[in-house]
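As provided, start-v7.cif (mmCIF, C-alpha atoms) reads as follows.
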```
data_protein
loop_
_atom_site.label_atom_id
_atom_site.label_comp_id
_atom_site.auth_asym_id
_atom_site.auth_seq_id
_atom_site.Cartn_x
_atom_site.Cartn_y
_atom_site.Cartn_z
CA MET A 524 -15.83 -25.77 10.14
CA ASN A 525 -18.66 -26.75 7.77
CA PRO A 526 -17.16 -27.20 4.26
CA LYS A 527 -19.74 -24.83 2.74
CA LEU A 528 -18.85 -22.13 5.25
CA LEU A 529 -15.15 -22.67 4.62
CA LEU A 530 -15.80 -22.20 0.90
CA LEU A 531 -17.78 -19.03 1.64
CA CYS A 532 -14.95 -17.52 3.72
CA ALA A 533 -12.36 -18.40 1.06
CA THR A 534 -14.51 -16.82 -1.65
CA LEU A 535 -14.93 -13.66 0.41
CA ALA A 536 -11.17 -13.36 0.92
CA LEU A 537 -10.48 -13.67 -2.80
CA SER A 538 -13.21 -11.15 -3.60
CA ALA A 539 -11.82 -8.66 -1.10
CA SER A 540 -8.33 -8.98 -2.51
CA ALA A 541 -9.48 -8.37 -6.06
CA CYS A 542 -11.70 -5.41 -5.22
CA PHE A 543 -9.57 -3.59 -2.72
CA SER A 544 -6.24 -3.86 -4.51
CA GLN A 545 -7.74 -1.94 -7.40
CA GLY A 546 -8.69 0.88 -5.06
CA LEU A 547 -5.28 1.46 -3.52
CA PRO A 548 -4.01 5.03 -3.82
CA GLY A 549 -1.31 5.46 -6.41
CA LEU A 550 0.91 8.17 -7.76
CA ALA A 551 -0.94 11.17 -9.11
CA PRO A 552 -0.36 11.64 -12.85
CA LEU A 553 1.49 14.89 -13.32
CA GLY A 554 1.68 15.10 -17.08
CA PRO A 555 1.41 13.13 -20.33
CA PRO A 556 3.68 10.07 -20.50
CA GLN A 557 6.85 10.43 -22.49
CA LYS A 558 9.36 7.95 -23.78
CA PRO A 559 12.35 7.60 -21.42
CA GLU A 560 14.72 7.81 -24.33
CA THR A 561 13.63 11.44 -24.96
CA ALA A 562 14.97 12.57 -21.58
CA ALA A 563 17.93 14.89 -21.29
CA PRO A 564 21.34 13.17 -21.14
CA ALA A 565 22.11 12.27 -17.53
CA ALA A 566 25.41 14.09 -17.50
CA SER A 567 23.77 17.44 -18.28
CA LEU A 568 20.65 17.31 -16.13
CA SER A 569 19.32 20.68 -15.06
CA VAL A 570 16.58 21.32 -12.51
CA GLU A 571 14.15 21.75 -15.40
CA ALA A 572 15.23 18.46 -16.96
CA MET A 573 14.88 16.63 -13.63
CA ASN A 574 11.37 18.02 -13.19
CA ALA A 575 10.43 16.85 -16.67
CA ASP A 576 11.86 13.41 -15.98
CA LEU A 577 10.06 13.19 -12.63
CA LYS A 578 6.74 13.91 -14.32
CA THR A 579 7.48 11.26 -16.92
CA ALA A 580 8.48 8.69 -14.29
CA ARG A 581 5.46 9.42 -12.13
CA ALA A 582 3.13 8.95 -15.09
CA ALA A 583 4.90 5.67 -15.92
CA ASN A 584 4.56 4.43 -12.34
CA GLN A 585 0.89 5.41 -12.27
CA GLU A 586 0.34 3.44 -15.46
CA LYS A 587 2.34 0.49 -14.03
CA ARG A 588 5.09 0.91 -16.62
CA PHE A 589 7.57 0.37 -13.83
CA ALA A 590 10.48 -0.68 -16.04
CA ASP A 591 10.21 2.61 -17.97
CA ALA A 592 10.16 4.64 -14.77
CA GLN A 593 13.08 2.69 -13.34
CA ALA A 594 15.26 3.11 -16.44
CA LEU A 595 14.69 6.86 -16.49
CA MET A 596 15.29 7.36 -12.77
CA LEU A 597 18.43 5.20 -12.77
CA LYS A 598 19.95 7.52 -15.39
CA ASP A 599 19.05 10.61 -13.40
CA VAL A 600 20.21 9.20 -10.06
CA ALA A 601 23.53 8.24 -11.65
CA ALA A 602 23.97 11.87 -12.71
CA LYS A 603 22.56 13.45 -9.54
CA PRO A 604 23.05 10.96 -6.69
CA GLY A 605 21.37 11.67 -3.39
CA GLN A 606 18.45 13.70 -4.77
CA VAL A 607 15.52 12.49 -2.68
CA TYR A 608 12.68 12.98 -5.18
CA LEU A 609 14.53 11.01 -7.84
CA LEU A 610 15.26 8.25 -5.34
CA ILE A 611 11.66 8.05 -4.15
CA GLU A 612 10.39 7.62 -7.70
CA LEU A 613 13.10 5.04 -8.37
CA GLY A 614 12.14 3.12 -5.23
CA LEU A 615 8.46 3.09 -6.20
CA ALA A 616 9.38 1.67 -9.61
CA GLN A 617 11.55 -1.02 -8.01
CA LEU A 618 8.74 -1.83 -5.60
CA GLY A 619 6.34 -2.19 -8.51
CA LEU A 620 8.83 -4.57 -10.17
CA LYS A 621 9.03 -6.57 -6.92
CA GLN A 622 12.74 -5.88 -6.66
CA TYR A 623 12.45 -5.75 -2.90
CA THR A 624 16.16 -5.77 -2.04
CA GLU A 625 16.86 -2.88 -4.37
CA ALA A 626 13.78 -0.95 -3.28
CA GLU A 627 14.67 -1.37 0.40
CA ALA A 628 18.14 0.07 -0.21
CA THR A 629 16.72 2.97 -2.21
CA PHE A 630 14.10 3.97 0.36
CA LYS A 631 16.57 3.69 3.24
CA SER A 632 18.94 5.99 1.40
CA VAL A 633 16.51 8.91 1.76
CA ILE A 634 15.84 8.44 5.50
CA PRO A 635 18.21 10.28 7.83
CA GLY A 636 19.99 7.87 10.14
CA ALA A 637 18.46 4.73 8.62
CA PRO A 638 20.74 1.67 8.78
CA ALA A 639 22.44 0.91 5.50
CA SER A 640 21.18 -1.98 3.40
CA GLN A 641 23.09 -4.20 1.05
CA GLN A 642 23.23 -2.37 -2.25
CA PRO A 643 21.74 -4.18 -5.25
CA ALA A 644 23.91 -5.56 -8.01
CA SER A 645 24.78 -2.99 -10.63
CA SER A 646 26.16 -2.82 -14.11
CA GLY A 647 27.91 0.23 -15.47
CA GLY A 648 26.61 2.36 -12.62
CA TYR A 649 22.99 1.23 -13.09
CA TYR A 650 20.98 -1.36 -11.22
CA SER A 651 20.19 -4.47 -13.21
CA THR A 652 16.49 -5.07 -13.95
CA ASP A 653 14.95 -8.48 -14.38
CA GLY A 654 11.71 -8.30 -12.40
CA LYS A 655 8.14 -8.35 -13.57
CA GLY A 656 5.56 -5.67 -12.93
CA GLY A 657 3.42 -5.69 -9.79
CA THR A 658 1.20 -3.32 -7.83
CA HIS A 659 1.94 -1.06 -4.93
CA ALA A 660 0.36 1.77 -3.01
CA GLY A 661 2.98 4.44 -2.94
CA GLY A 662 2.14 8.08 -2.39
CA SER A 663 3.10 11.08 -4.47
CA LEU A 664 5.39 13.98 -3.68
CA THR A 665 4.34 17.55 -4.33
CA PRO A 666 5.55 19.97 -5.44
CA VAL A 667 8.59 19.19 -7.56
CA ASP A 668 9.84 22.73 -7.86
CA ASP A 669 13.32 21.74 -6.72
CA PRO A 670 14.06 18.01 -7.15
CA GLY A 671 17.67 18.66 -6.27
CA LYS A 672 16.96 19.74 -2.71
CA THR A 673 18.51 17.69 0.06
CA LYS A 674 16.40 18.80 3.03
CA ARG A 675 14.38 15.92 4.49
CA ASP A 676 10.69 16.54 5.00
CA PRO A 677 7.76 14.62 6.52
CA GLN A 678 6.28 13.74 3.14
CA VAL A 679 9.49 12.12 1.92
CA GLU A 680 10.06 10.17 5.12
CA GLY A 681 6.42 9.11 5.32
CA ILE A 682 6.49 7.64 1.80
CA ALA A 683 9.87 6.00 2.42
CA TYR A 684 8.84 4.35 5.70
CA SER A 685 5.44 3.25 4.42
CA SER A 686 7.07 1.79 1.32
CA LEU A 687 9.51 -0.13 3.53
CA GLY A 688 6.48 -1.40 5.44
CA GLU A 689 4.98 -2.66 2.19
CA ILE A 690 8.24 -4.40 1.27
CA TYR A 691 8.50 -6.14 4.63
CA ALA A 692 4.83 -7.18 4.54
CA HIS A 693 5.38 -8.83 1.15
CA LEU A 694 8.43 -10.62 2.58
CA ASN A 695 6.49 -11.76 5.68
CA ARG A 696 8.80 -9.75 7.93
CA THR A 697 5.81 -8.74 10.02
CA ALA A 698 7.48 -7.05 12.98
CA GLU A 699 9.66 -4.94 10.69
CA ALA A 700 6.66 -4.00 8.57
CA GLN A 701 4.70 -2.88 11.62
CA ALA A 702 7.64 -0.82 12.87
CA ALA A 703 8.06 0.82 9.46
CA PHE A 704 4.40 1.84 9.25
CA ASP A 705 4.57 3.19 12.80
CA GLN A 706 7.58 5.27 11.75
CA ALA A 707 5.65 6.57 8.72
CA VAL A 708 2.87 7.76 11.01
CA LYS A 709 5.38 9.37 13.35
CA ALA A 710 7.20 11.09 10.48
CA ASN A 711 4.08 12.41 8.76
CA PRO A 712 1.04 12.33 11.09
CA ALA A 713 -1.10 14.17 8.53
CA GLN A 714 -1.17 10.98 6.42
CA ALA A 715 -1.59 8.53 9.31
CA ALA A 716 -4.99 7.30 8.12
CA LEU A 717 -3.60 6.51 4.66
CA TYR A 718 -0.52 4.70 5.97
CA LEU A 719 -2.51 2.59 8.43
CA SER A 720 -5.15 1.75 5.82
CA ASN A 721 -2.39 0.59 3.49
CA GLU A 722 -0.84 -1.45 6.31
CA THR A 723 -4.18 -3.21 6.82
CA VAL A 724 -4.43 -4.12 3.14
CA PHE A 725 -0.86 -5.34 2.77
CA PHE A 726 -1.19 -7.65 5.76
CA PHE A 727 -4.46 -8.93 4.32
CA GLN A 728 -2.69 -9.66 1.04
CA ALA A 729 0.11 -11.39 2.94
CA GLY A 730 -2.35 -13.52 4.91
CA SER A 731 -1.13 -12.12 8.25
CA THR A 732 -4.53 -11.94 9.94
CA ALA A 733 -3.28 -10.98 13.41
CA ALA A 734 -1.28 -8.08 11.98
CA GLN A 735 -4.21 -7.18 9.70
CA LEU A 736 -6.51 -6.94 12.72
CA ASP A 737 -4.03 -4.84 14.67
CA ALA A 738 -3.54 -2.46 11.75
CA ALA A 739 -7.28 -2.14 11.18
CA ASN A 740 -7.84 -1.26 14.83
CA LYS A 741 -5.11 1.39 14.69
CA ALA A 742 -6.51 2.82 11.47
CA ILE A 743 -10.05 2.97 12.87
CA ALA A 744 -8.76 4.80 15.94
CA VAL A 745 -7.24 7.46 13.66
CA ASP A 746 -10.20 7.75 11.28
CA PRO A 747 -13.40 5.91 12.27
CA THR A 748 -15.27 7.06 9.15
CA ARG A 749 -13.56 4.74 6.64
CA ALA A 750 -16.04 1.94 5.97
CA LYS A 751 -13.59 -0.53 4.44
CA LEU A 752 -11.53 -0.64 7.62
CA TYR A 753 -14.44 -2.24 9.48
CA TYR A 754 -14.82 -4.83 6.75
CA PHE A 755 -11.15 -5.78 6.95
CA LYS A 756 -11.32 -5.89 10.75
CA ALA A 757 -14.32 -8.21 10.54
CA GLN A 758 -12.69 -10.30 7.81
CA ALA A 759 -9.67 -10.90 10.04
CA LEU A 760 -11.91 -11.88 12.95
CA THR A 761 -13.95 -14.24 10.75
CA THR A 762 -10.93 -16.56 10.56
CA GLN A 763 -11.62 -17.31 14.25
CA ALA A 764 -15.28 -18.25 13.63
CA THR A 765 -16.71 -21.63 14.53
CA VAL A 766 -19.91 -23.48 13.63
CA ASP A 767 -22.73 -24.37 16.00
CA PRO A 768 -23.08 -28.19 15.64
CA LYS A 769 -26.80 -28.02 16.43
CA THR A 770 -27.87 -25.19 14.14
CA SER A 771 -24.98 -25.21 11.62
CA LYS A 772 -24.87 -21.45 11.98
CA LEU A 773 -21.61 -19.52 11.94
CA ILE A 774 -20.53 -18.34 15.39
CA LEU A 775 -18.62 -15.09 15.01
CA PRO A 776 -16.00 -14.07 17.61
CA PRO A 777 -16.52 -10.96 19.78
CA GLY A 778 -16.40 -7.73 17.82
CA CYS A 779 -16.84 -9.39 14.43
CA LEU A 780 -20.59 -8.94 14.05
CA GLU A 781 -20.34 -5.33 15.21
CA ALA A 782 -17.60 -4.59 12.67
CA TYR A 783 -19.60 -6.07 9.78
CA GLN A 784 -22.69 -4.12 10.83
CA LYS A 785 -20.65 -0.93 11.16
CA TYR A 786 -19.42 -1.42 7.62
CA LEU A 787 -23.03 -1.68 6.40
CA ASP A 788 -24.00 1.36 8.47
CA LEU A 789 -21.31 3.45 6.77
CA ASP A 790 -21.56 1.98 3.26
CA PRO A 791 -24.71 -0.13 2.83
CA ASN A 792 -24.26 -0.36 -0.93
CA GLY A 793 -20.46 -0.66 -0.91
CA GLN A 794 -18.34 -3.14 -2.83
CA PHE A 795 -18.18 -5.50 0.16
CA ALA A 796 -21.86 -5.26 1.10
CA PRO A 797 -22.85 -8.53 -0.67
CA ASP A 798 -19.98 -10.41 1.03
CA THR A 799 -20.90 -8.90 4.40
CA LYS A 800 -24.55 -9.86 4.03
CA SER A 801 -23.57 -13.42 3.12
CA ILE A 802 -21.56 -13.77 6.32
CA LEU A 803 -24.31 -12.23 8.45
CA ALA A 804 -26.85 -14.58 6.88
CA ALA A 805 -24.61 -17.57 7.65
CA ALA A 806 -24.47 -16.38 11.24
CA GLY A 807 -28.21 -15.80 11.41
CA ALA A 808 -27.59 -12.18 12.36
CA PRO A 809 -29.96 -9.30 11.59
CA MET A 810 -29.06 -6.94 8.79
CA LYS A 811 -28.60 -3.30 9.72
CA GLY A 812 -27.71 -0.32 7.64
CA THR A 813 -28.74 3.23 7.08
CA PHE A 814 -28.07 5.24 3.98
CA LYS A 815 -25.25 7.55 4.97
CA PRO A 816 -22.44 9.01 2.88
CA SER A 817 -19.26 7.00 3.35
CA LYS A 818 -15.56 7.79 3.21
CA LYS A 819 -13.92 4.95 1.28
#
```
Representation of the structure as structure tokens:
Amino acid sequence: MNPKLLLLCATLALSASACFSQGLPGLAPLGPPQKPETAAPAASLSVEAMNADLKTARAANQEKRFADAQALMLKDVAAKPGQVYLLIELGLAQLGLKQYTEAEATFKSVIPGAPASQQPASSGGYYSTDGKGGTHAGGSLTPVDDPGKTKRDPQVEGIAYSSLGEIYAHLNRTAEAQAAFDQAVKANPAQAALYLSNETVFFFQAGSTAAQLDAANKAIAVDPTRAKLYYFKAQALTTQATVDPKTSKLILPPGCLEAYQKYLDLDPNGQFAPDTKSILAAAGAPMKGTFKPSKK
């Protein structure tokens, strides 16, 4: 491929990663952040105390203070093992810290019938922490009226499976990641569009273009109104582009031009519009786009 076009594609990929990762859905803040050390002693946790701690941990995870959230949830889980809401919040903190082995074990522990994972190393009943903060796209659980309940529900399983999918995508365990996201959709169909959109992004971040394309196609089939999905579909297809030796124009593979143009149709002034127009210009393709409201 022409070196200039290669540089253009690389620049677009970096731009997409920076822009889209900031737009990933996170945990909804449920109250003002508190210091973990102000929480009730683990041995005497009541339902009210667990609710207060959950709100504190969720705020910490939302603000990417994953170590704070993890420390608080480890204390509560030690006192009340098996409580799914506590475990979900703990897993999200571990995922943010990139403690993938520990997070995998935590999320599997809330899924009925899931195969057991190797438990992380512990000290004094608590998991050891030595990771550094990262980003993730976990969902939030509502309500938290009874964090001690043991009944499994679609929301819990959906978050657990989708979080496992994120873990496996980061670890380049592509087939396992795809299976986990499929299980999330099966467990909680109401959030299928969110799970599949997240799957698309995580495979993009992992550089798994074939899996990214497959996830984008599945997500579009569930919700064809999300503009960014068409951009990520087209971005995956662009890796298959060639250059016409006579005209030096970019030759896009089948479906790529249509996906870029669909993105512009849905979101002509969106964050990826300049990148999209650069690619279309390199391909000598006409620009299309009407001003319609978009679902991002």
- Message: Can you measure CA of Leu597 in chain A to CA of Ala692 in chain A for me? One decimal in Å is fine.
- Response: 25.3 Å
Residues returned when the PyMOL selection byres ((chain A and resi 753) around 9) runs on this file, as a short mmCIF file (atom, residue, chain, number, x, y, z; two decimals) with C-alpha atoms, keeping the file's coordinate frame:
```cif
data_model
loop_
_atom_site.label_atom_id
_atom_site.label_comp_id
_atom_site.auth_asym_id
_atom_site.auth_seq_id
_atom_site.Cartn_x
_atom_site.Cartn_y
_atom_site.Cartn_z
CA ALA A 739 -7.28 -2.14 11.18
CA ASN A 740 -7.84 -1.26 14.83
CA ILE A 743 -10.05 2.97 12.87
CA PRO A 747 -13.40 5.91 12.27
CA ARG A 749 -13.56 4.74 6.64
CA ALA A 750 -16.04 1.94 5.97
CA LYS A 751 -13.59 -0.53 4.44
CA LEU A 752 -11.53 -0.64 7.62
CA TYR A 754 -14.82 -4.83 6.75
CA PHE A 755 -11.15 -5.78 6.95
CA LYS A 756 -11.32 -5.89 10.75
CA ALA A 757 -14.32 -8.21 10.54
CA GLN A 758 -12.69 -10.30 7.81
CA GLU A 781 -20.34 -5.33 15.21
CA ALA A 782 -17.60 -4.59 12.67
CA TYR A 783 -19.60 -6.07 9.78
CA GLN A 784 -22.69 -4.12 10.83
CA LYS A 785 -20.65 -0.93 11.16
CA TYR A 786 -19.42 -1.42 7.62
#
```
- If the PyMOL selection byres ((chain A and resi 708) around 12) is run on the structure shown, which residues does it catch, given as an MDAnalysis selection string? chainID A and resid 677:678 680:685 688 701:707 709:722 741:742 745
Limited to C-alpha atoms, could you put the picked residues into a file as a PDB file, in the coordinates of the input?
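And here is the file that came out, part.pdb:
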```
ATOM      1  CA  PRO A 677       7.760  14.620   6.520  1.00  0.00           C
ATOM      2  CA  GLN A 678       6.280  13.740   3.140  1.00  0.00           C
ATOM      3  CA  GLU A 680      10.060  10.170   5.120  1.00  0.00           C
ATOM      4  CA  GLY A 681       6.420   9.110   5.320  1.00  0.00           C
ATOM      5  CA  ILE A 682       6.490   7.640   1.800  1.00  0.00           C
ATOM      6  CA  ALA A 683       9.870   6.000   2.420  1.00  0.00           C
ATOM      7  CA  TYR A 684       8.840   4.350   5.700  1.00  0.00           C
ATOM      8  CA  SER A 685       5.440   3.250   4.420  1.00  0.00           C
ATOM      9  CA  GLY A 688       6.480  -1.400   5.440  1.00  0.00           C
ATOM     10  CA  GLN A 701       4.700  -2.880  11.620  1.00  0.00           C
ATOM     11  CA  ALA A 702       7.640  -0.820  12.870  1.00  0.00           C
ATOM     12  CA  ALA A 703       8.060   0.820   9.460  1.00  0.00           C
ATOM     13  CA  PHE A 704       4.400   1.840   9.250  1.00  0.00           C
ATOM     14  CA  ASP A 705       4.570   3.190  12.800  1.00  0.00           C
ATOM     15  CA  GLN A 706       7.580   5.270  11.750  1.00  0.00           C
ATOM     16  CA  ALA A 707       5.650   6.570   8.720  1.00  0.00           C
ATOM     17  CA  LYS A 709       5.380   9.370  13.350  1.00  0.00           C
ATOM     18  CA  ALA A 710       7.200  11.090  10.480  1.00  0.00           C
ATOM     19  CA  ASN A 711       4.080  12.410   8.760  1.00  0.00           C
ATOM     20  CA  PRO A 712       1.040  12.330  11.090  1.00  0.00           C
ATOM     21  CA  ALA A 713      -1.100  14.170   8.530  1.00  0.00           C
ATOM     22  CA  GLN A 714      -1.170  10.980   6.420  1.00  0.00           C
ATOM     23  CA  ALA A 715      -1.590   8.530   9.310  1.00  0.00           C
ATOM     24  CA  ALA A 716      -4.990   7.300   8.120  1.00  0.00           C
ATOM     25  CA  LEU A 717      -3.600   6.510   4.660  1.00  0.00           C
ATOM     26  CA  TYR A 718      -0.520   4.700   5.970  1.00  0.00           C
ATOM     27  CA  LEU A 719      -2.510   2.590   8.430  1.00  0.00           C
ATOM     28  CA  SER A 720      -5.150   1.750   5.820  1.00  0.00           C
ATOM     29  CA  ASN A 721      -2.390   0.590   3.490  1.00  0.00           C
ATOM     30  CA  GLU A 722      -0.840  -1.450   6.310  1.00  0.00           C
ATOM     31  CA  LYS A 741      -5.110   1.390  14.690  1.00  0.00           C
ATOM     32  CA  ALA A 742      -6.510   2.820  11.470  1.00  0.00           C
ATOM     33  CA  VAL A 745      -7.240   7.460  13.660  1.00  0.00           C
TER      34      VAL A 745
END
```
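With all atoms listed in the file as the basis for measurement, A:Tyr691 is the residue among A:Phe795, A:Tyr691, A:Phe589, A:Phe726 that approaches Glu627 in chain A most closely.
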Give the centre and edge lengths of an axis-aligned box, in Å to one decimal, that holds all listed atoms of range 798-808 of chain A with 4 Å on each side, as JSON.
```
{"center_x": -24.1, "center_y": -13.2, "center_z": 6.7, "size_x": 16.2, "size_y": 16.7, "size_z": 19.3}
```
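Nearest-residue note for Glu625 in chain A: choosing from A:Ala733, A:Ala759, A:Ile690, A:Ala590, the minimum distance belongs to A:Ile690, counting only C-alpha atoms.
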With the PyMOL selection byres ((chain A and resi 803) around 12) as the selection, what would be picked from this file? Answer as a JSON list (two decimals) with C-alpha atoms, in the frame of the given file, please.
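Once everything was written out, this is selection-v6.json:
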```
[["chain", "number", "residue", "atom", "x", "y", "z"],
["A", 528, "LEU", "CA", -18.85, -22.13, 5.25],
["A", 531, "LEU", "CA", -17.78, -19.03, 1.64],
["A", 532, "CYS", "CA", -14.95, -17.52, 3.72],
["A", 757, "ALA", "CA", -14.32, -8.21, 10.54],
["A", 758, "GLN", "CA", -12.69, -10.30, 7.81],
["A", 761, "THR", "CA", -13.95, -14.24, 10.75],
["A", 772, "LYS", "CA", -24.87, -21.45, 11.98],
["A", 773, "LEU", "CA", -21.61, -19.52, 11.94],
["A", 774, "ILE", "CA", -20.53, -18.34, 15.39],
["A", 775, "LEU", "CA", -18.62, -15.09, 15.01],
["A", 779, "CYS", "CA", -16.84, -9.39, 14.43],
["A", 780, "LEU", "CA", -20.59, -8.94, 14.05],
["A", 781, "GLU", "CA", -20.34, -5.33, 15.21],
["A", 782, "ALA", "CA", -17.60, -4.59, 12.67],
["A", 783, "TYR", "CA", -19.60, -6.07, 9.78],
["A", 784, "GLN", "CA", -22.69, -4.12, 10.83],
["A", 786, "TYR", "CA", -19.42, -1.42, 7.62],
["A", 787, "LEU", "CA", -23.03, -1.68, 6.40],
["A", 796, "ALA", "CA", -21.86, -5.26, 1.10],
["A", 797, "PRO", "CA", -22.85, -8.53, -0.67],
["A", 798, "ASP", "CA", -19.98, -10.41, 1.03],
["A", 799, "THR", "CA", -20.90, -8.90, 4.40],
["A", 800, "LYS", "CA", -24.55, -9.86, 4.03],
["A", 801, "SER", "CA", -23.57, -13.42, 3.12],
["A", 802, "ILE", "CA", -21.56, -13.77, 6.32],
["A", 804, "ALA", "CA", -26.85, -14.58, 6.88],
["A", 805, "ALA", "CA", -24.61, -17.57, 7.65],
["A", 806, "ALA", "CA", -24.47, -16.38, 11.24],
["A", 807, "GLY", "CA", -28.21, -15.80, 11.41],
["A", 808, "ALA", "CA", -27.59, -12.18, 12.36],
["A", 809, "PRO", "CA", -29.96, -9.30, 11.59],
["A", 810, "MET", "CA", -29.06, -6.94, 8.79],
["A", 811, "LYS", "CA", -28.60, -3.30, 9.72]]
```
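Counting from CA of Asp576 in chain A, the distance to CA of Arg588 in chain A is 14.2 Å.
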- Query: Which is closer to Lys587 in chain A than all the others in A:Gly619, A:Ala601, A:Ala698, A:Ile611, using all atoms listed in the file?
  - Reply: A:Gly619
- Message: For a quick check of understanding, using only C-alpha atoms, which of A:Gly605, A:Ser731, A:Ala582, A:Val679 has the smallest distance to Ala700 in chain A?
- Response: A:Ser731
- Item | Straight-line distance linking CA of Val600 in chain A with CA of Pro635 in chain A, stated in Å to one decimal | 18.0 Å
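Each of A:Pro791, A:Leu613, A:Ala602, A:Leu568 was checked against Arg581 in chain A using all atoms listed in the file; the smallest atom-to-atom distance is that of A:Leu613.
Closest to Asn584 in chain A among A:Gly614, A:Pro604, A:Gly636, A:Pro777 is A:Gly614, based on only C-alpha atoms.
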- Residues within 7 Å of (11.9, -1.7, -11.3), file coords, all atoms listed in the file, listed as a PyMOL selection string: chain A and resi 589-590+593+616-620+622+652+654
- Item | Sphere at (-0.9, -14.2, 12.3), radius 12 Å, counting only C-alpha atoms: residues as number ranges by chain | A: 692, 695-698, 726-727, 729-737, 759-760, 762-763
With C-alpha atoms retained, export the selected residues as a compact mmCIF listing (two decimals), in the frame of the given file.
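Saved result, selection27.txt, follows:
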```txt
# COMPACT_ATOMS: atom_id res chain seq x y z
CA ALA A 692 4.83 -7.18 4.54
CA ASN A 695 6.49 -11.76 5.68
CA ARG A 696 8.80 -9.75 7.93
CA THR A 697 5.81 -8.74 10.02
CA ALA A 698 7.48 -7.05 12.98
CA PHE A 726 -1.19 -7.65 5.76
CA PHE A 727 -4.46 -8.93 4.32
CA ALA A 729 0.11 -11.39 2.94
CA GLY A 730 -2.35 -13.52 4.91
CA SER A 731 -1.13 -12.12 8.25
CA THR A 732 -4.53 -11.94 9.94
CA ALA A 733 -3.28 -10.98 13.41
CA ALA A 734 -1.28 -8.08 11.98
CA GLN A 735 -4.21 -7.18 9.70
CA LEU A 736 -6.51 -6.94 12.72
CA ASP A 737 -4.03 -4.84 14.67
CA ALA A 759 -9.67 -10.90 10.04
CA LEU A 760 -11.91 -11.88 12.95
CA THR A 762 -10.93 -16.56 10.56
CA GLN A 763 -11.62 -17.31 14.25
```
